[in-house]
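S.K.: File name target.pdb; file contents PDB, C-alpha atoms; full text below.
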```
ATOM      1  CA  MET N   1     103.952  89.783 105.014  1.00  0.00           C
ATOM      2  CA  ALA N   2     100.525  90.552 103.612  1.00  0.00           C
ATOM      3  CA  SER N   3      99.395  88.787 100.479  1.00  0.00           C
ATOM      4  CA  CYS N   4      97.362  90.015  97.537  1.00  0.00           C
ATOM      5  CA  GLN N   5      95.554  86.703  97.517  1.00  0.00           C
ATOM      6  CA  SER N   6      92.845  87.735  99.958  1.00  0.00           C
ATOM      7  CA  SER N   7      89.413  86.223 100.321  1.00  0.00           C
ATOM      8  CA  GLN N   8      88.401  89.062 102.637  1.00  0.00           C
ATOM      9  CA  PRO N   9      86.051  91.700 101.220  1.00  0.00           C
ATOM     10  CA  VAL N  10      87.626  95.008 100.229  1.00  0.00           C
ATOM     11  CA  PHE N  11      86.101  98.144 101.745  1.00  0.00           C
ATOM     12  CA  SER N  12      84.116 100.510  99.581  1.00  0.00           C
ATOM     13  CA  LYS N  13      83.206 104.044 100.553  1.00  0.00           C
ATOM     14  CA  ARG N  14      81.980 104.532 104.067  1.00  0.00           C
ATOM     15  CA  GLY N  15      78.343 103.418 104.434  1.00  0.00           C
ATOM     16  CA  GLU N  16      78.291 101.452 101.170  1.00  0.00           C
ATOM     17  CA  GLN N  17      78.094  97.705 100.750  1.00  0.00           C
ATOM     18  CA  TYR N  18      81.497  95.955 100.660  1.00  0.00           C
ATOM     19  CA  LYS N  19      82.853  95.472  97.113  1.00  0.00           C
ATOM     20  CA  SER N  20      86.095  94.076  95.752  1.00  0.00           C
ATOM     21  CA  ALA N  21      88.229  96.110  93.339  1.00  0.00           C
ATOM     22  CA  ARG N  22      87.172  93.648  90.624  1.00  0.00           C
ATOM     23  CA  GLU N  23      83.470  94.329  91.332  1.00  0.00           C
ATOM     24  CA  ILE N  24      84.024  98.103  91.388  1.00  0.00           C
ATOM     25  CA  ALA N  25      85.913  97.989  88.072  1.00  0.00           C
ATOM     26  CA  ALA N  26      83.156  95.837  86.513  1.00  0.00           C
ATOM     27  CA  GLU N  27      80.501  98.334  87.639  1.00  0.00           C
ATOM     28  CA  LYS N  28      82.514 101.229  86.185  1.00  0.00           C
ATOM     29  CA  ARG N  29      82.880  99.390  82.863  1.00  0.00           C
ATOM     30  CA  GLN N  30      79.121  98.807  82.748  1.00  0.00           C
ATOM     31  CA  GLY N  31      78.394 102.449  83.599  1.00  0.00           C
ATOM     32  CA  GLY N  32      80.916 103.710  81.040  1.00  0.00           C
ATOM     33  CA  ARG N  33      79.318 101.792  78.181  1.00  0.00           C
ATOM     34  CA  SER N  34      76.002 103.553  78.511  1.00  0.00           C
ATOM     35  CA  GLY N  35      76.796 106.760  80.398  1.00  0.00           C
ATOM     36  CA  THR N  36      79.604 108.696  78.681  1.00  0.00           C
ATOM     37  CA  GLY N  37      79.498 107.372  75.145  1.00  0.00           C
ATOM     38  CA  GLY N  38      83.278 106.850  75.213  1.00  0.00           C
ATOM     39  CA  LYS N  39      84.108 110.533  75.791  1.00  0.00           C
ATOM     40  CA  SER N  40      86.597 111.783  78.359  1.00  0.00           C
ATOM     41  CA  VAL N  41      85.253 112.705  81.732  1.00  0.00           C
ATOM     42  CA  ALA N  42      87.154 115.097  84.008  1.00  0.00           C
ATOM     43  CA  SER N  43      87.167 114.599  87.734  1.00  0.00           C
ATOM     44  CA  ALA N  44      89.273 116.073  90.511  1.00  0.00           C
ATOM     45  CA  SER N  45      90.816 113.812  93.098  1.00  0.00           C
ATOM     46  CA  LYS N  46      90.421 114.509  96.801  1.00  0.00           C
ATOM     47  CA  ASP N  47      94.151 115.220  97.001  1.00  0.00           C
ATOM     48  CA  ARG N  48      95.191 118.826  96.368  1.00  0.00           C
ATOM     49  CA  THR N  49      98.506 117.793  94.820  1.00  0.00           C
ATOM     50  CA  SER N  50      97.033 116.043  91.798  1.00  0.00           C
ATOM     51  CA  ARG N  51      94.110 116.124  89.440  1.00  0.00           C
ATOM     52  CA  THR N  52      92.798 112.979  87.806  1.00  0.00           C
ATOM     53  CA  ARG N  53      91.409 112.919  84.294  1.00  0.00           C
ATOM     54  CA  VAL N  54      89.625 109.770  83.226  1.00  0.00           C
ATOM     55  CA  ARG N  55      90.559 109.149  79.614  1.00  0.00           C
ATOM     56  CA  SER N  56      88.397 107.558  77.016  1.00  0.00           C
ATOM     57  CA  SER N  57      88.745 103.794  77.362  1.00  0.00           C
ATOM     58  CA  LYS N  58      88.721 103.416  73.561  1.00  0.00           C
ATOM     59  CA  ASN N  59      92.204 105.009  73.544  1.00  0.00           C
ATOM     60  CA  LEU N  60      93.559 102.301  75.856  1.00  0.00           C
ATOM     61  CA  ASP N  61      93.561  98.531  75.770  1.00  0.00           C
ATOM     62  CA  ARG N  62      90.570  97.290  77.784  1.00  0.00           C
ATOM     63  CA  ASP N  63      92.745  95.453  80.339  1.00  0.00           C
ATOM     64  CA  VAL N  64      94.989  98.505  80.859  1.00  0.00           C
ATOM     65  CA  ALA N  65      91.923 100.725  81.330  1.00  0.00           C
ATOM     66  CA  THR N  66      90.413  98.251  83.819  1.00  0.00           C
ATOM     67  CA  VAL N  67      93.593  98.089  85.915  1.00  0.00           C
ATOM     68  CA  ILE N  68      93.924 101.900  85.919  1.00  0.00           C
ATOM     69  CA  GLU N  69      90.268 102.303  86.957  1.00  0.00           C
ATOM     70  CA  ALA N  70      90.750  99.799  89.766  1.00  0.00           C
ATOM     71  CA  ALA N  71      93.882 101.607  90.997  1.00  0.00           C
ATOM     72  CA  ARG N  72      92.170 105.012  90.822  1.00  0.00           C
ATOM     73  CA  SER N  73      89.294 103.669  92.914  1.00  0.00           C
ATOM     74  CA  TYR N  74      91.784 103.665  95.822  1.00  0.00           C
ATOM     75  CA  THR N  75      92.706 107.367  95.478  1.00  0.00           C
ATOM     76  CA  GLY N  76      92.893 108.924  98.924  1.00  0.00           C
ATOM     77  CA  VAL N  77      93.318 105.626 100.809  1.00  0.00           C
ATOM     78  CA  PRO N  78      95.989 106.125 103.497  1.00  0.00           C
ATOM     79  CA  TYR N  79      99.357 104.386 103.328  1.00  0.00           C
ATOM     80  CA  LYS N  80      99.783 101.256 105.437  1.00  0.00           C
ATOM     81  CA  TRP N  81     102.829  98.997 105.161  1.00  0.00           C
ATOM     82  CA  GLY N  82     101.644  95.586 103.946  1.00  0.00           C
ATOM     83  CA  GLY N  83      98.135  96.955 103.307  1.00  0.00           C
ATOM     84  CA  THR N  84      95.909  95.711 100.476  1.00  0.00           C
ATOM     85  CA  THR N  85      92.502  97.165 101.449  1.00  0.00           C
ATOM     86  CA  ARG N  86      90.722 100.509 101.593  1.00  0.00           C
ATOM     87  CA  VAL N  87      91.696 100.756 105.261  1.00  0.00           C
ATOM     88  CA  GLY N  88      95.348 101.099 104.182  1.00  0.00           C
ATOM     89  CA  MET N  89      97.454 100.324 101.128  1.00  0.00           C
ATOM     90  CA  ASP N  90     101.153 100.078 100.350  1.00  0.00           C
ATOM     91  CA  CYS N  91     102.672 100.675  96.913  1.00  0.00           C
ATOM     92  CA  SER N  92     103.070  97.060  95.797  1.00  0.00           C
ATOM     93  CA  GLY N  93      99.749  96.108  97.400  1.00  0.00           C
ATOM     94  CA  LEU N  94      97.989  98.780  95.309  1.00  0.00           C
ATOM     95  CA  LEU N  95      99.301  97.210  92.111  1.00  0.00           C
ATOM     96  CA  CYS N  96      98.641  93.647  93.268  1.00  0.00           C
ATOM     97  CA  THR N  97      95.044  94.506  94.122  1.00  0.00           C
ATOM     98  CA  SER N  98      94.506  96.526  90.922  1.00  0.00           C
ATOM     99  CA  PHE N  99      95.809  93.771  88.650  1.00  0.00           C
ATOM    100  CA  GLN N 100      93.427  91.310  90.305  1.00  0.00           C
ATOM    101  CA  SER N 101      90.643  93.212  88.485  1.00  0.00           C
ATOM    102  CA  ILE N 102      91.825  91.439  85.289  1.00  0.00           C
ATOM    103  CA  ASN N 103      92.608  88.159  87.090  1.00  0.00           C
ATOM    104  CA  VAL N 104      96.394  88.667  87.052  1.00  0.00           C
ATOM    105  CA  ASN N 105      98.370  87.758  90.178  1.00  0.00           C
ATOM    106  CA  LEU N 106     101.268  90.195  90.315  1.00  0.00           C
ATOM    107  CA  PRO N 107     104.224  89.356  92.589  1.00  0.00           C
ATOM    108  CA  ARG N 108     103.690  90.885  96.048  1.00  0.00           C
ATOM    109  CA  THR N 109     106.779  93.040  96.629  1.00  0.00           C
ATOM    110  CA  SER N 110     108.036  96.013  94.605  1.00  0.00           C
ATOM    111  CA  ASP N 111     111.401  94.284  94.165  1.00  0.00           C
ATOM    112  CA  GLU N 112     109.728  91.153  92.701  1.00  0.00           C
ATOM    113  CA  GLN N 113     107.449  93.324  90.530  1.00  0.00           C
ATOM    114  CA  GLY N 114     110.611  94.913  89.075  1.00  0.00           C
ATOM    115  CA  ASP N 115     111.373  91.590  87.390  1.00  0.00           C
ATOM    116  CA  TYR N 116     107.808  91.075  86.119  1.00  0.00           C
ATOM    117  CA  GLY N 117     107.993  92.072  82.475  1.00  0.00           C
ATOM    118  CA  LYS N 118     110.271  93.706  79.945  1.00  0.00           C
ATOM    119  CA  LYS N 119     112.309  96.837  80.742  1.00  0.00           C
ATOM    120  CA  VAL N 120     111.075  99.931  78.879  1.00  0.00           C
ATOM    121  CA  ARG N 121     113.075 103.045  77.951  1.00  0.00           C
ATOM    122  CA  PRO N 122     111.669 106.210  79.580  1.00  0.00           C
ATOM    123  CA  LYS N 123     110.792 107.718  76.185  1.00  0.00           C
ATOM    124  CA  ASP N 124     108.722 104.589  75.353  1.00  0.00           C
ATOM    125  CA  ILE N 125     106.672 104.507  78.584  1.00  0.00           C
ATOM    126  CA  LYS N 126     102.935 104.065  78.111  1.00  0.00           C
ATOM    127  CA  GLU N 127      99.842 103.583  80.257  1.00  0.00           C
ATOM    128  CA  GLY N 128      99.950 100.412  82.363  1.00  0.00           C
ATOM    129  CA  ASP N 129     103.744 100.326  82.643  1.00  0.00           C
ATOM    130  CA  LEU N 130     105.216  99.955  86.122  1.00  0.00           C
ATOM    131  CA  VAL N 131     107.735 102.540  87.337  1.00  0.00           C
ATOM    132  CA  PHE N 132     110.291 101.778  90.050  1.00  0.00           C
ATOM    133  CA  PHE N 133     112.183 103.939  92.505  1.00  0.00           C
ATOM    134  CA  GLY N 134     115.020 103.598  95.022  1.00  0.00           C
ATOM    135  CA  ALA N 135     117.153 105.749  97.312  1.00  0.00           C
ATOM    136  CA  ASN N 136     118.594 107.435  94.194  1.00  0.00           C
ATOM    137  CA  ARG N 137     118.637 106.856  90.441  1.00  0.00           C
ATOM    138  CA  PHE N 138     121.820 104.768  90.660  1.00  0.00           C
ATOM    139  CA  SER N 139     120.465 102.452  93.347  1.00  0.00           C
ATOM    140  CA  ASN N 140     120.122  98.718  92.678  1.00  0.00           C
ATOM    141  CA  ASN N 141     117.617  98.396  95.517  1.00  0.00           C
ATOM    142  CA  ILE N 142     113.972  98.991  94.485  1.00  0.00           C
ATOM    143  CA  THR N 143     111.981 100.459  97.366  1.00  0.00           C
ATOM    144  CA  HIS N 144     108.883 101.894  95.668  1.00  0.00           C
ATOM    145  CA  VAL N 145     106.610 101.209  92.681  1.00  0.00           C
ATOM    146  CA  GLY N 146     103.804 102.941  90.809  1.00  0.00           C
ATOM    147  CA  MET N 147     101.820 102.441  87.608  1.00  0.00           C
ATOM    148  CA  VAL N 148     101.616 104.871  84.675  1.00  0.00           C
ATOM    149  CA  THR N 149      98.054 106.159  84.222  1.00  0.00           C
ATOM    150  CA  GLU N 150      98.527 108.868  81.558  1.00  0.00           C
ATOM    151  CA  VAL N 151     101.153 109.947  79.058  1.00  0.00           C
ATOM    152  CA  ASN N 152     100.340 113.551  78.150  1.00  0.00           C
ATOM    153  CA  GLY N 153     103.664 114.623  76.701  1.00  0.00           C
ATOM    154  CA  LYS N 154     107.431 114.303  76.867  1.00  0.00           C
ATOM    155  CA  GLU N 155     107.626 115.534  80.470  1.00  0.00           C
ATOM    156  CA  ASP N 156     104.077 114.888  81.673  1.00  0.00           C
ATOM    157  CA  VAL N 157     103.753 111.219  82.591  1.00  0.00           C
ATOM    158  CA  ARG N 158     101.289 110.603  85.421  1.00  0.00           C
ATOM    159  CA  PHE N 159     101.580 107.550  87.656  1.00  0.00           C
ATOM    160  CA  ILE N 160      99.551 106.274  90.607  1.00  0.00           C
ATOM    161  CA  HIS N 161     101.218 105.037  93.765  1.00  0.00           C
ATOM    162  CA  ALA N 162     100.766 104.739  97.514  1.00  0.00           C
ATOM    163  CA  SER N 163     102.853 107.529  99.015  1.00  0.00           C
ATOM    164  CA  SER N 164     103.970 106.910 102.593  1.00  0.00           C
ATOM    165  CA  SER N 165     103.005 110.491 103.525  1.00  0.00           C
ATOM    166  CA  LEU N 166      99.993 111.219 101.274  1.00  0.00           C
ATOM    167  CA  GLY N 167      98.406 107.811 100.639  1.00  0.00           C
ATOM    168  CA  VAL N 168      97.234 106.772  97.168  1.00  0.00           C
ATOM    169  CA  ILE N 169      97.813 109.665  94.753  1.00  0.00           C
ATOM    170  CA  GLU N 170      98.816 110.395  91.180  1.00  0.00           C
ATOM    171  CA  ALA N 171     101.986 112.359  90.464  1.00  0.00           C
ATOM    172  CA  ASN N 172     104.173 113.401  87.539  1.00  0.00           C
ATOM    173  CA  LEU N 173     107.107 111.058  86.906  1.00  0.00           C
ATOM    174  CA  TYR N 174     109.091 114.077  85.690  1.00  0.00           C
ATOM    175  CA  ALA N 175     108.762 116.029  88.943  1.00  0.00           C
ATOM    176  CA  ASP N 176     112.257 116.711  90.336  1.00  0.00           C
ATOM    177  CA  HIS N 177     111.773 114.452  93.362  1.00  0.00           C
ATOM    178  CA  TYR N 178     110.779 111.404  91.293  1.00  0.00           C
ATOM    179  CA  GLN N 179     113.489 111.958  88.670  1.00  0.00           C
ATOM    180  CA  LYS N 180     116.117 111.863  91.432  1.00  0.00           C
ATOM    181  CA  ILE N 181     114.967 108.421  92.617  1.00  0.00           C
ATOM    182  CA  PHE N 182     113.636 106.833  89.379  1.00  0.00           C
ATOM    183  CA  ILE N 183     115.367 103.516  88.574  1.00  0.00           C
ATOM    184  CA  LYS N 184     113.472 101.904  85.694  1.00  0.00           C
ATOM    185  CA  ALA N 185     110.160 101.160  83.976  1.00  0.00           C
ATOM    186  CA  VAL N 186     108.799  97.705  83.154  1.00  0.00           C
ATOM    187  CA  ARG N 187     105.945  96.620  80.871  1.00  0.00           C
ATOM    188  CA  PRO N 188     104.004  93.722  82.442  1.00  0.00           C
ATOM    189  CA  PRO N 189     103.743  90.716  80.085  1.00  0.00           C
ATOM    190  CA  VAL N 190      99.918  90.857  80.232  1.00  0.00           C
ATOM    191  CA  PHE N 191      99.733  94.095  78.157  1.00  0.00           C
TER     192      PHE N 191
END
```
The structure given in the file should be rewritten as structure tokens.
M.R.:
Amino acid sequence: MASCQSSQPVFSKRGEQYKSAREIAAEKRQGGRSGTGGKSVASASKDRTSRTRVRSSKNLDRDVATVIEAARSYTGVPYKWGGTTRVGMDCSGLLCTSFQSINVNLPRTSDEQGDYGKKVRPKDIKEGDLVFFGANRFSNNITHVGMVTEVNGKEDVRFIHASSSLGVIEANLYADHYQKIFIKAVRPPVF
């Protein structure tokens, strides 16, 4: 089993110097303080199935914004079971690696992450919450996890995850497919 506690460098974009998710998030925070003046910046992801909007960090807790930025820096990385690098990432590895950007060591598996924090009702979900999935909505066996990145309305809650077929993407929690397999949401105790 792979561990999130890695001393190996994390890959950056091809041809760039190696940087960890923590270093990338720190650079983005520095750039955001002087570059955008706290305003929203729109950017499209490489994936055709989702579009990513970077929200103003003043609307989110700094730690939540940092973790979301770190997770989004992996958008487009292919899925790899047990992966925690830009070469390949699995769903729980994505969250483990992203939370390291604020020096939090999340449990390694999606099942263990399901017990990390307080259960949240779907109507109370907010950015930074973890969302869990199984074979169906009545399953007791958690098989997949993602993190909420945006709450835009009652039925527009975006979350980032490592899809086994599409890699790291953002999707709507209220899409039919995810509603059929959604089990619960949890708020990590660090937020």
S.K.: Write out as JSON an axis-aligned box for segment 148-166 of chain N: all of its atoms listed in the file, 3 Å added on each side, centre and edge lengths in Å with one decimal.
M.R.:
```
{"center_x": 102.8, "center_y": 110.1, "center_z": 90.1, "size_x": 15.6, "size_y": 16.8, "size_z": 32.8}
```
S.K.: Applied to this file, what does the PyMOL selection byres ((chain N and resi 157-170) around 6) return in terms of residues, put as an MDAnalysis selection string?
M.R.: chainID N and resid 50 75:79 90:91 146:151 156 171:173
S.K.: So which residues get picked by the PyMOL selection byres ((chain N and resi 112) around 12) here, written as a list in words?
M.R.: Ser92, Cys96, Leu106, Pro107, Arg108, Thr109, Ser110, Asp111, Gln113, Gly114, Asp115, Tyr116, Gly117, Leu130, Phe132, Asn141, Ile142, Thr143, His144, Val145 and Val186 of chain N
S.K.: Report, in Å with one decimal, the straight-line distance from atom CA of Val190 of chain N to atom CA of Trp81 of chain N.
M.R.: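 Straight-line distance from atom CA of Val190 of chain N to atom CA of Trp81 of chain N works out to 26.4 Å.
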S.K.: Quick one: pull the distance between atom CA of Asp124 of chain N and atom CA of Tyr178 of chain N, Å, one decimal.
M.R.: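 According to the coordinates, atom CA of Asp124 of chain N and atom CA of Tyr178 of chain N are separated by 17.5 Å.
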S.K.: Given the choices N:Gly134, N:Gly153, N:Pro122, N:Gly128, which gets closest to Ser98 of chain N if the distance is worked out from all atoms listed in the file?
M.R.: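 Among N:Gly134, N:Gly153, N:Pro122, N:Gly128, it is N:Gly128 that comes nearest to Ser98 of chain N.
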S.K.: When you draw a straight line from atom CA of Tyr74 of chain N to atom CA of Val120 of chain N, how long is it in Å?
M.R.: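 If I compute the distance from atom CA of Tyr74 of chain N to atom CA of Val120 of chain N, I get 25.9 Å.
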S.K.: When distances are computed from only C-alpha atoms, which of N:Asn152, N:Phe138, N:Lys184, N:Phe191 shows the smallest separation from Arg62 of chain N?
M.R.: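 Checking each of N:Asn152, N:Phe138, N:Lys184, N:Phe191 against Arg62 of chain N, counting only C-alpha atoms, the winner is N:Phe191.
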S.K.: Of the candidates N:Ala135, N:Ile125, N:Leu60, N:Ile183, which one gets nearest to Glu155 of chain N if we count all atoms listed in the file?
M.R.: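 Selected residue with least distance to Glu155 of chain N: N:Ile125.
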S.K.: Looking at only C-alpha atoms, which of N:Ala71, N:Val104, N:Val64, N:Ala185 is the one that sits closest to Thr84 of chain N?
M.R.: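 Counting only C-alpha atoms, the residue closest to Thr84 of chain N is N:Ala71.
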S.K.: Smallest atom-to-atom distance to Lys118 of chain N: which of N:Asp61, N:Gly82, N:Gly93, N:Pro189, using only C-alpha atoms?
M.R.: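 Ranking N:Asp61, N:Gly82, N:Gly93, N:Pro189 by distance to Lys118 of chain N, first place goes to N:Pro189.
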S.K.: Pick from N:Lys80, N:Lys154, N:Arg72, N:Lys180: nearest to Ser139 of chain N, with all atoms listed in the file counted?
M.R.: N:Lys180
S.K.: How would segment 176-187 of chain N look written as a tab-separated table (two decimals), in the first residue's frame with all heavy atoms?
M.R.:
```tsv
chain	number	residue	atom	x	y	z
N	176	ASP	N	-26.69	12.49	-11.80
N	176	ASP	CA	-27.40	11.24	-11.51
N	176	ASP	C	-26.46	10.12	-11.05
N	176	ASP	O	-26.75	9.44	-10.07
N	176	ASP	CB	-28.18	10.77	-12.74
N	176	ASP	CG	-29.40	11.63	-13.01
N	176	ASP	OD1	-29.85	12.36	-12.10
N	176	ASP	OD2	-29.90	11.58	-14.16
N	177	HIS	N	-25.36	9.94	-11.75
N	177	HIS	CA	-24.43	8.86	-11.41
N	177	HIS	C	-23.95	8.96	-9.97
N	177	HIS	O	-23.96	7.98	-9.22
N	177	HIS	CB	-23.23	8.87	-12.36
N	177	HIS	CG	-22.14	7.94	-11.93
N	177	HIS	ND1	-22.25	6.56	-11.99
N	177	HIS	CD2	-20.91	8.19	-11.39
N	177	HIS	CE1	-21.14	6.01	-11.53
N	177	HIS	NE2	-20.31	6.97	-11.16
N	178	TYR	N	-23.53	10.16	-9.54
N	178	TYR	CA	-22.99	10.32	-8.19
N	178	TYR	C	-24.08	10.25	-7.13
N	178	TYR	O	-23.84	9.77	-6.02
N	178	TYR	CB	-22.18	11.61	-8.09
N	178	TYR	CG	-20.97	11.55	-8.98
N	178	TYR	CD1	-20.87	12.34	-10.11
N	178	TYR	CD2	-19.93	10.65	-8.72
N	178	TYR	CE1	-19.77	12.25	-10.96
N	178	TYR	CE2	-18.84	10.55	-9.55
N	178	TYR	CZ	-18.77	11.36	-10.67
N	178	TYR	OH	-17.68	11.25	-11.50
N	179	GLN	N	-25.29	10.69	-7.44
N	179	GLN	CA	-26.38	10.58	-6.47
N	179	GLN	C	-26.75	9.12	-6.20
N	179	GLN	O	-27.13	8.77	-5.09
N	179	GLN	CB	-27.62	11.35	-6.95
N	179	GLN	CG	-27.49	12.84	-6.72
N	179	GLN	CD	-27.34	13.18	-5.24
N	179	GLN	OE1	-28.26	13.04	-4.46
N	179	GLN	NE2	-26.14	13.61	-4.85
N	180	LYS	N	-26.59	8.26	-7.20
N	180	LYS	CA	-26.90	6.84	-7.04
N	180	LYS	C	-25.90	6.13	-6.13
N	180	LYS	O	-26.22	5.09	-5.54
N	180	LYS	CB	-26.94	6.14	-8.39
N	180	LYS	CG	-28.13	6.54	-9.23
N	180	LYS	CD	-28.07	5.88	-10.59
N	180	LYS	CE	-29.20	6.37	-11.47
N	180	LYS	NZ	-29.08	5.85	-12.85
N	181	ILE	N	-24.69	6.65	-6.01
N	181	ILE	CA	-23.65	5.96	-5.23
N	181	ILE	C	-23.17	6.76	-4.01
N	181	ILE	O	-22.33	6.29	-3.26
N	181	ILE	CB	-22.45	5.57	-6.13
N	181	ILE	CG1	-21.79	6.81	-6.74
N	181	ILE	CG2	-22.89	4.59	-7.21
N	181	ILE	CD1	-20.50	6.51	-7.51
N	182	PHE	N	-23.72	7.97	-3.81
N	182	PHE	CA	-23.32	8.82	-2.68
N	182	PHE	C	-23.73	8.16	-1.37
N	182	PHE	O	-24.86	7.72	-1.19
N	182	PHE	CB	-23.98	10.19	-2.81
N	182	PHE	CG	-23.74	11.11	-1.64
N	182	PHE	CD1	-22.51	11.73	-1.48
N	182	PHE	CD2	-24.72	11.34	-0.70
N	182	PHE	CE1	-22.27	12.58	-0.39
N	182	PHE	CE2	-24.51	12.18	0.37
N	182	PHE	CZ	-23.28	12.80	0.53
N	183	ILE	N	-22.78	8.11	-0.41
N	183	ILE	CA	-23.06	7.53	0.91
N	183	ILE	C	-23.16	8.62	1.98
N	183	ILE	O	-24.13	8.67	2.72
N	183	ILE	CB	-21.97	6.51	1.32
N	183	ILE	CG1	-21.99	5.31	0.37
N	183	ILE	CG2	-22.17	6.05	2.75
N	183	ILE	CD1	-20.90	4.29	0.64
N	184	LYS	N	-22.15	9.48	2.07
N	184	LYS	CA	-22.16	10.49	3.13
N	184	LYS	C	-21.13	11.58	2.84
N	184	LYS	O	-20.29	11.45	1.96
N	184	LYS	CB	-21.85	9.86	4.48
N	184	LYS	CG	-20.43	9.33	4.63
N	184	LYS	CD	-20.21	8.78	6.03
N	184	LYS	CE	-18.82	8.21	6.22
N	184	LYS	NZ	-18.60	7.75	7.59
N	185	ALA	N	-21.22	12.65	3.65
N	185	ALA	CA	-20.22	13.73	3.62
N	185	ALA	C	-19.69	13.89	5.04
N	185	ALA	O	-20.41	13.70	6.02
N	185	ALA	CB	-20.86	15.03	3.14
N	186	VAL	N	-18.41	14.27	5.12
N	186	VAL	CA	-17.74	14.44	6.41
N	186	VAL	C	-16.95	15.74	6.39
N	186	VAL	O	-16.31	16.06	5.38
N	186	VAL	CB	-16.79	13.24	6.68
N	186	VAL	CG1	-15.88	13.51	7.87
N	186	VAL	CG2	-17.57	11.97	6.89
N	187	ARG	N	-17.00	16.49	7.48
N	187	ARG	CA	-16.19	17.71	7.61
N	187	ARG	C	-14.94	17.39	8.42
N	187	ARG	O	-15.03	17.04	9.60
N	187	ARG	CB	-16.98	18.81	8.30
N	187	ARG	CG	-16.20	20.12	8.39
N	187	ARG	CD	-17.11	21.32	8.50
N	187	ARG	NE	-18.04	21.37	7.39
N	187	ARG	CZ	-19.33	21.72	7.50
N	187	ARG	NH1	-19.82	22.06	8.66
N	187	ARG	NH2	-20.11	21.72	6.43
```
